[in-house]
Amino acid sequence: MFILGIETTCDETGIALIEAKEDKVKILKNELATQYKVHQQYGGVVPILAAREHKKNLPLLLKNIEKNFDLRKIEFLSFSVGPGLLPALVSGKEFVQDLAKKLNKKIIPVDHLLAHFYSVLIRNKIGWQKIKEINFPSLVLIVSGGHTSLYLFKNWQEKRKLGETLDDAAGEVLDKCARYLGLPYPGGPEIEKLAKKSKNYFPLPKPMLQRGYHFSFSGLKTAFIDLVDEIKKYKKIDEEIPNLCFSLQKTIFEILIYKLKKAKENFKVQDIAISGGVAANQTLRKMVKKNFPNNKIYFPERKLSTDNGLNIAFGGYLLFKNGTLPLSYQEIDVYPRSI
């Protein structure tokens with residue numbers, strides 16, 4: 001079967017076409033339009049501008065798909081219905097509903113965070129590939145610019161959200177602290193790059209470390225900003241930027257790993273999956289592998305760790321394969337917060 005996936009939760013416009021059968025999938029097209037240049041001057045994503053860009057990019061990306069493929073051949077549409085930025089989600093919803101009506105096709109709604117989990121099971125390659133297997137129960141950590149959520153999956157149908165960020169997400173703090181240091185957006189990759197040049201470490205607080213599986217990073221962000229202001233009083237901040245980047249990154253990753261370890265101890269899990277934009281960070285990957293030597297760890301390929309239509313198309317197939325029925329375009333709605 002052929003499936004078209006569409007992603008518009010934040011600042012990446014994605015449309016992908018896949019063919020799937022049983023335990024195999026074939027990537028036919030994976031079109032993506034980024035908005036870095038649009039939002040860079042603001043130091044972060046502006047929701048209304050993101051929605052405007054989606055409306056502009058979606059028809060252009062779809063044309064690239066239609067050049068060599070008859071869309072009437074698709075089985076159904078997959079659409080990322082949330083969580084995300086409401087204006088961005090609405091722009092995508094309107095486009096998907098119009099397309100579904102035009103093609104007389106139904107839609108499988110795909111949770112954006114779960115699509116990040118599913119992305120660890122495929123590779124970004126041309127041609128047929130076998131879907132990777134994962135052993136349940138498994139822990140799934142989604143860590144990105146908008147989300148930090150920890151799940152326990154008993155099987156494909158049964159999942160339990162153990163915890164989530166109560167304020168800023170991990171990637172959001174990396175971006176905001178980078179901006180305070182005068183680094184370009186997106187800040188996470190810049191911090192990763194500069195952290196490799198560090199020679200010293202500044203101790204930073206780890207909020208809510210002992211309080212269940214929820215995360216809180218706003219206090220860490222405040223402490224980091226206070227530290228930067230204090231350093232500026234007696235020396236040039238440029239000299240300490242690599243050390244600050246290393247300290248912030250290390251602290252955030254240690255918090256994530258501590259919560260993962262706690263969950264692993266309390267729930268007898270076999271495999272661990274970590275996805276989302278921050279999962280592209282190579283330092284995080286090394287730290288996780290070092291701390292969980294006896295578990296199988298799943299990371300997505302770097303190009304699949306950020307938002308894209310391929311994750312949504314593949315997510316739609318997995319849901320369909322496990323019993324989810326497509327809905328009519330009138331039944332589709334979006335949600336900005338995780339459920």
# chains A, B, ... in the order shown; residues from 1 in each chain; ligands from 1
call {"tool": "select_by_dssp", "arguments": {"residues": "range 6-177 of chain A", "states": "strand (DSSP E)", "output": "ChimeraX atom specification"}}
result
/A:6-7,12-21,24-34,74-82,107-111,127-130,138-143,148-153,159-164
call {"tool": "residues_around", "arguments": {"residues": "range 278-284 of chain A", "least_positions_apart": "5", "cutoff": "8 Å", "atoms": "only C-alpha atoms", "output": "ChimeraX atom specification"}}
result
/A:143-145,170-171,188-189,192,253,299-302,305
call {"tool": "write_last_selection", "arguments": {"atoms": "N, CA, C and O atoms", "output": "PDB file, in the first residue's frame"}}
result
ATOM      1  N   VAL A 143      12.868  13.778  23.348  1.00  0.00           N
ATOM      2  CA  VAL A 143      13.507  15.002  23.838  1.00  0.00           C
ATOM      3  C   VAL A 143      13.805  15.909  22.649  1.00  0.00           C
ATOM      4  O   VAL A 143      14.566  15.563  21.755  1.00  0.00           O
ATOM      5  N   SER A 144      13.163  17.078  22.661  1.00  0.00           N
ATOM      6  CA  SER A 144      13.276  17.990  21.526  1.00  0.00           C
ATOM      7  C   SER A 144      13.166  19.432  22.012  1.00  0.00           C
ATOM      8  O   SER A 144      13.173  19.698  23.211  1.00  0.00           O
ATOM      9  N   GLY A 145      13.009  20.354  21.049  1.00  0.00           N
ATOM     10  CA  GLY A 145      12.872  21.760  21.401  1.00  0.00           C
ATOM     11  C   GLY A 145      11.541  22.088  22.045  1.00  0.00           C
ATOM     12  O   GLY A 145      11.412  23.072  22.771  1.00  0.00           O
ATOM     13  N   ALA A 170      13.896  20.347  27.218  1.00  0.00           N
ATOM     14  CA  ALA A 170      15.358  20.322  27.233  1.00  0.00           C
ATOM     15  C   ALA A 170      15.945  21.072  26.041  1.00  0.00           C
ATOM     16  O   ALA A 170      16.854  21.899  26.186  1.00  0.00           O
ATOM     17  N   GLY A 171      15.425  20.795  24.849  1.00  0.00           N
ATOM     18  CA  GLY A 171      15.927  21.482  23.655  1.00  0.00           C
ATOM     19  C   GLY A 171      15.632  22.967  23.672  1.00  0.00           C
ATOM     20  O   GLY A 171      16.416  23.776  23.147  1.00  0.00           O
ATOM     21  N   GLY A 188      20.958  24.384  19.923  1.00  0.00           N
ATOM     22  CA  GLY A 188      21.446  23.077  20.349  1.00  0.00           C
ATOM     23  C   GLY A 188      22.688  22.602  19.609  1.00  0.00           C
ATOM     24  O   GLY A 188      23.698  22.240  20.244  1.00  0.00           O
ATOM     25  N   PRO A 189      22.685  22.605  18.276  1.00  0.00           N
ATOM     26  CA  PRO A 189      23.885  22.175  17.536  1.00  0.00           C
ATOM     27  C   PRO A 189      25.101  23.054  17.797  1.00  0.00           C
ATOM     28  O   PRO A 189      26.234  22.558  17.804  1.00  0.00           O
ATOM     29  N   GLU A 192      26.516  22.025  21.139  1.00  0.00           N
ATOM     30  CA  GLU A 192      27.219  20.743  20.997  1.00  0.00           C
ATOM     31  C   GLU A 192      28.618  20.948  20.404  1.00  0.00           C
ATOM     32  O   GLU A 192      29.598  20.361  20.870  1.00  0.00           O
ATOM     33  N   PHE A 253      21.825  16.464  30.129  1.00  0.00           N
ATOM     34  CA  PHE A 253      21.890  15.051  29.755  1.00  0.00           C
ATOM     35  C   PHE A 253      21.951  14.156  30.989  1.00  0.00           C
ATOM     36  O   PHE A 253      21.399  13.048  30.995  1.00  0.00           O
ATOM     37  N   PHE A 299      18.298   4.716  18.615  1.00  0.00           N
ATOM     38  CA  PHE A 299      18.285   6.128  18.240  1.00  0.00           C
ATOM     39  C   PHE A 299      17.850   6.213  16.777  1.00  0.00           C
ATOM     40  O   PHE A 299      18.151   5.311  15.985  1.00  0.00           O
ATOM     41  N   PRO A 300      17.186   7.287  16.387  1.00  0.00           N
ATOM     42  CA  PRO A 300      16.900   7.455  14.958  1.00  0.00           C
ATOM     43  C   PRO A 300      18.144   7.920  14.223  1.00  0.00           C
ATOM     44  O   PRO A 300      19.073   8.454  14.837  1.00  0.00           O
ATOM     45  N   GLU A 301      18.183   7.693  12.931  1.00  0.00           N
ATOM     46  CA  GLU A 301      19.233   8.324  12.140  1.00  0.00           C
ATOM     47  C   GLU A 301      19.088   9.832  12.296  1.00  0.00           C
ATOM     48  O   GLU A 301      17.990  10.354  12.495  1.00  0.00           O
ATOM     49  N   ARG A 302      20.199  10.545  12.206  1.00  0.00           N
ATOM     50  CA  ARG A 302      20.178  11.981  12.523  1.00  0.00           C
ATOM     51  C   ARG A 302      19.160  12.749  11.692  1.00  0.00           C
ATOM     52  O   ARG A 302      18.471  13.647  12.193  1.00  0.00           O
ATOM     53  N   SER A 305      15.707  12.378  13.212  1.00  0.00           N
ATOM     54  CA  SER A 305      15.489  12.792  14.598  1.00  0.00           C
ATOM     55  C   SER A 305      14.678  14.082  14.685  1.00  0.00           C
ATOM     56  O   SER A 305      14.000  14.333  15.671  1.00  0.00           O
TER      57      SER A 305
END
call {"tool": "select_by_dssp", "arguments": {"residues": "range 155-307 of chain A", "states": "alpha helix (DSSP H)", "output": "MDAnalysis selection string"}}
result
chainID A and resid 170:180 187:195 218:234 241:266 282:291 302:305
call {"tool": "write_last_selection", "arguments": {"atoms": "C-alpha atoms", "output": "JSON list (two decimals), in the first residue's frame"}}
result
[["chain", "number", "residue", "atom", "x", "y", "z"],
["A", 170, "ALA", "CA", 15.36, 20.32, 27.23],
["A", 171, "GLY", "CA", 15.93, 21.48, 23.66],
["A", 172, "GLU", "CA", 14.16, 24.75, 24.39],
["A", 173, "VAL", "CA", 16.60, 25.49, 27.21],
["A", 174, "LEU", "CA", 19.54, 24.74, 24.95],
["A", 175, "ASP", "CA", 18.16, 27.16, 22.36],
["A", 176, "LYS", "CA", 17.33, 29.92, 24.86],
["A", 177, "CYS", "CA", 20.67, 29.70, 26.66],
["A", 178, "ALA", "CA", 22.48, 29.71, 23.33],
["A", 179, "ARG", "CA", 20.63, 32.86, 22.39],
["A", 180, "TYR", "CA", 21.67, 34.47, 25.70],
["A", 187, "GLY", "CA", 21.19, 26.78, 19.53],
["A", 188, "GLY", "CA", 21.45, 23.08, 20.35],
["A", 189, "PRO", "CA", 23.88, 22.18, 17.54],
["A", 190, "GLU", "CA", 26.00, 25.26, 18.30],
["A", 191, "ILE", "CA", 26.25, 24.29, 21.95],
["A", 192, "GLU", "CA", 27.22, 20.74, 21.00],
["A", 193, "LYS", "CA", 29.98, 22.04, 18.72],
["A", 194, "LEU", "CA", 31.42, 24.54, 21.21],
["A", 195, "ALA", "CA", 31.20, 22.13, 24.16],
["A", 218, "SER", "CA", 13.36, 26.47, 33.82],
["A", 219, "GLY", "CA", 15.30, 26.70, 37.09],
["A", 220, "LEU", "CA", 18.41, 25.40, 35.36],
["A", 221, "LYS", "CA", 17.94, 28.00, 32.64],
["A", 222, "THR", "CA", 17.68, 30.78, 35.23],
["A", 223, "ALA", "CA", 20.77, 29.54, 37.06],
["A", 224, "PHE", "CA", 22.69, 29.44, 33.78],
["A", 225, "ILE", "CA", 21.72, 33.01, 32.91],
["A", 226, "ASP", "CA", 22.73, 34.17, 36.41],
["A", 227, "LEU", "CA", 26.08, 32.43, 35.96],
["A", 228, "VAL", "CA", 26.66, 34.14, 32.63],
["A", 229, "ASP", "CA", 25.83, 37.54, 34.18],
["A", 230, "GLU", "CA", 28.22, 36.86, 37.06],
["A", 231, "ILE", "CA", 31.08, 35.89, 34.73],
["A", 232, "LYS", "CA", 30.54, 39.06, 32.69],
["A", 233, "LYS", "CA", 31.32, 41.13, 35.78],
["A", 234, "TYR", "CA", 34.95, 40.05, 35.96],
["A", 241, "ILE", "CA", 31.53, 30.12, 26.25],
["A", 242, "PRO", "CA", 32.88, 26.60, 25.48],
["A", 243, "ASN", "CA", 32.95, 25.79, 29.21],
["A", 244, "LEU", "CA", 29.44, 27.14, 29.68],
["A", 245, "CYS", "CA", 28.15, 25.12, 26.73],
["A", 246, "PHE", "CA", 29.76, 21.95, 28.05],
["A", 247, "SER", "CA", 28.38, 22.50, 31.57],
["A", 248, "LEU", "CA", 24.82, 23.19, 30.40],
["A", 249, "GLN", "CA", 24.74, 20.27, 27.98],
["A", 250, "LYS", "CA", 26.26, 17.84, 30.51],
["A", 251, "THR", "CA", 23.79, 18.86, 33.23],
["A", 252, "ILE", "CA", 20.74, 18.45, 31.00],
["A", 253, "PHE", "CA", 21.89, 15.05, 29.75],
["A", 254, "GLU", "CA", 22.66, 13.84, 33.28],
["A", 255, "ILE", "CA", 19.10, 14.72, 34.30],
["A", 256, "LEU", "CA", 17.68, 12.78, 31.38],
["A", 257, "ILE", "CA", 19.85, 9.74, 32.12],
["A", 258, "TYR", "CA", 19.02, 9.81, 35.84],
["A", 259, "LYS", "CA", 15.29, 9.65, 35.10],
["A", 260, "LEU", "CA", 15.84, 6.87, 32.56],
["A", 261, "LYS", "CA", 17.84, 4.86, 35.10],
["A", 262, "LYS", "CA", 15.16, 5.31, 37.73],
["A", 263, "ALA", "CA", 12.45, 4.13, 35.33],
["A", 264, "LYS", "CA", 14.56, 1.17, 34.22],
["A", 265, "GLU", "CA", 14.99, 0.08, 37.83],
["A", 266, "ASN", "CA", 11.28, 0.32, 38.62],
["A", 282, "GLN", "CA", 26.37, 12.65, 19.62],
["A", 283, "THR", "CA", 27.44, 13.42, 23.19],
["A", 284, "LEU", "CA", 24.01, 12.38, 24.48],
["A", 285, "ARG", "CA", 24.19, 9.16, 22.49],
["A", 286, "LYS", "CA", 27.59, 8.27, 23.93],
["A", 287, "MET", "CA", 26.46, 9.06, 27.50],
["A", 288, "VAL", "CA", 23.34, 6.91, 27.16],
["A", 289, "LYS", "CA", 25.22, 3.94, 25.72],
["A", 290, "LYS", "CA", 27.81, 4.19, 28.50],
["A", 291, "ASN", "CA", 25.14, 4.24, 31.21],
["A", 302, "ARG", "CA", 20.18, 11.98, 12.52],
["A", 303, "LYS", "CA", 18.06, 13.10, 9.57],
["A", 304, "LEU", "CA", 15.02, 11.38, 11.10],
["A", 305, "SER", "CA", 15.49, 12.79, 14.60]]
call {"tool": "closest_residue", "arguments": {"among": "A:His54, A:Lys105, A:Lys196, A:Lys67", "to": "Gln35 in chain A", "atoms": "only C-alpha atoms"}}
result
A:His54
call {"tool": "residues_around", "arguments": {"residues": "Leu86 in chain A", "least_positions_apart": "5", "cutoff": "8 Å", "atoms": "only C-alpha atoms", "output": "PyMOL selection string"}}
result
chain A and resi 9+47+334-336
call {"tool": "closest_residue", "arguments": {"among": "A:Phe117, A:Phe69, A:Tyr42, A:Tyr213", "to": "Trp156 in chain A", "atoms": "only C-alpha atoms"}}
result
A:Phe117
call {"tool": "closest_residue", "arguments": {"among": "A:Leu62, A:Ala51, A:Val81, A:Ile108", "to": "Pro326 in chain A", "atoms": "only C-alpha atoms"}}
result
A:Ile108
call {"tool": "closest_residue", "arguments": {"among": "A:Ser216, A:Ser149, A:Asn104, A:Thr306", "to": "Cys10 in chain A", "atoms": "only C-alpha atoms"}}
result
A:Thr306
call {"tool": "atom_distance", "arguments": {"atom1": "CA of Val25 in chain A", "atom2": "CA of Asp11 in chain A"}}
result
26.4 Å
call {"tool": "atom_distance", "arguments": {"atom1": "CA of Ile18 in chain A", "atom2": "CA of Phe2 in chain A"}}
result
5.7 Å
call {"tool": "closest_residue", "arguments": {"among": "A:Ile65, A:Met1, A:Leu89, A:Leu325", "to": "Lys26 in chain A", "atoms": "only C-alpha atoms"}}
result
A:Met1
call {"tool": "atom_distance", "arguments": {"atom1": "CA of His116 in chain A", "atom2": "CA of Lys102 in chain A"}}
result
28.8 Å
call {"tool": "closest_residue", "arguments": {"among": "A:Leu209, A:Ala88, A:Ala313, A:Ala100", "to": "Glu53 in chain A", "atoms": "only C-alpha atoms"}}
result
A:Ala88
call {"tool": "residues_around", "arguments": {"residues": "Ser80 in chain A", "least_positions_apart": "5", "cutoff": "6 Å", "atoms": "only C-alpha atoms", "output": "CSV table (one decimal) with N, CA, C and O atoms, in the first residue's frame"}}
result
chain,number,residue,atom,x,y,z
A,7,GLU,N,3.5,16.6,7.8
A,7,GLU,CA,4.0,17.1,9.1
A,7,GLU,C,4.0,18.6,9.1
A,7,GLU,O,4.7,19.2,8.2
A,110,VAL,N,-1.8,11.0,13.5
A,110,VAL,CA,-0.6,10.4,14.1
A,110,VAL,C,-0.1,11.4,15.2
A,110,VAL,O,0.1,12.6,14.9
A,111,ASP,N,0.1,10.9,16.4
A,111,ASP,CA,0.6,11.7,17.4
A,111,ASP,C,2.1,12.1,17.1
A,111,ASP,O,2.9,11.2,16.8
A,112,HIS,N,2.4,13.3,17.1
A,112,HIS,CA,3.8,13.8,16.8
A,112,HIS,C,4.9,13.1,17.6
A,112,HIS,O,5.9,12.8,17.1
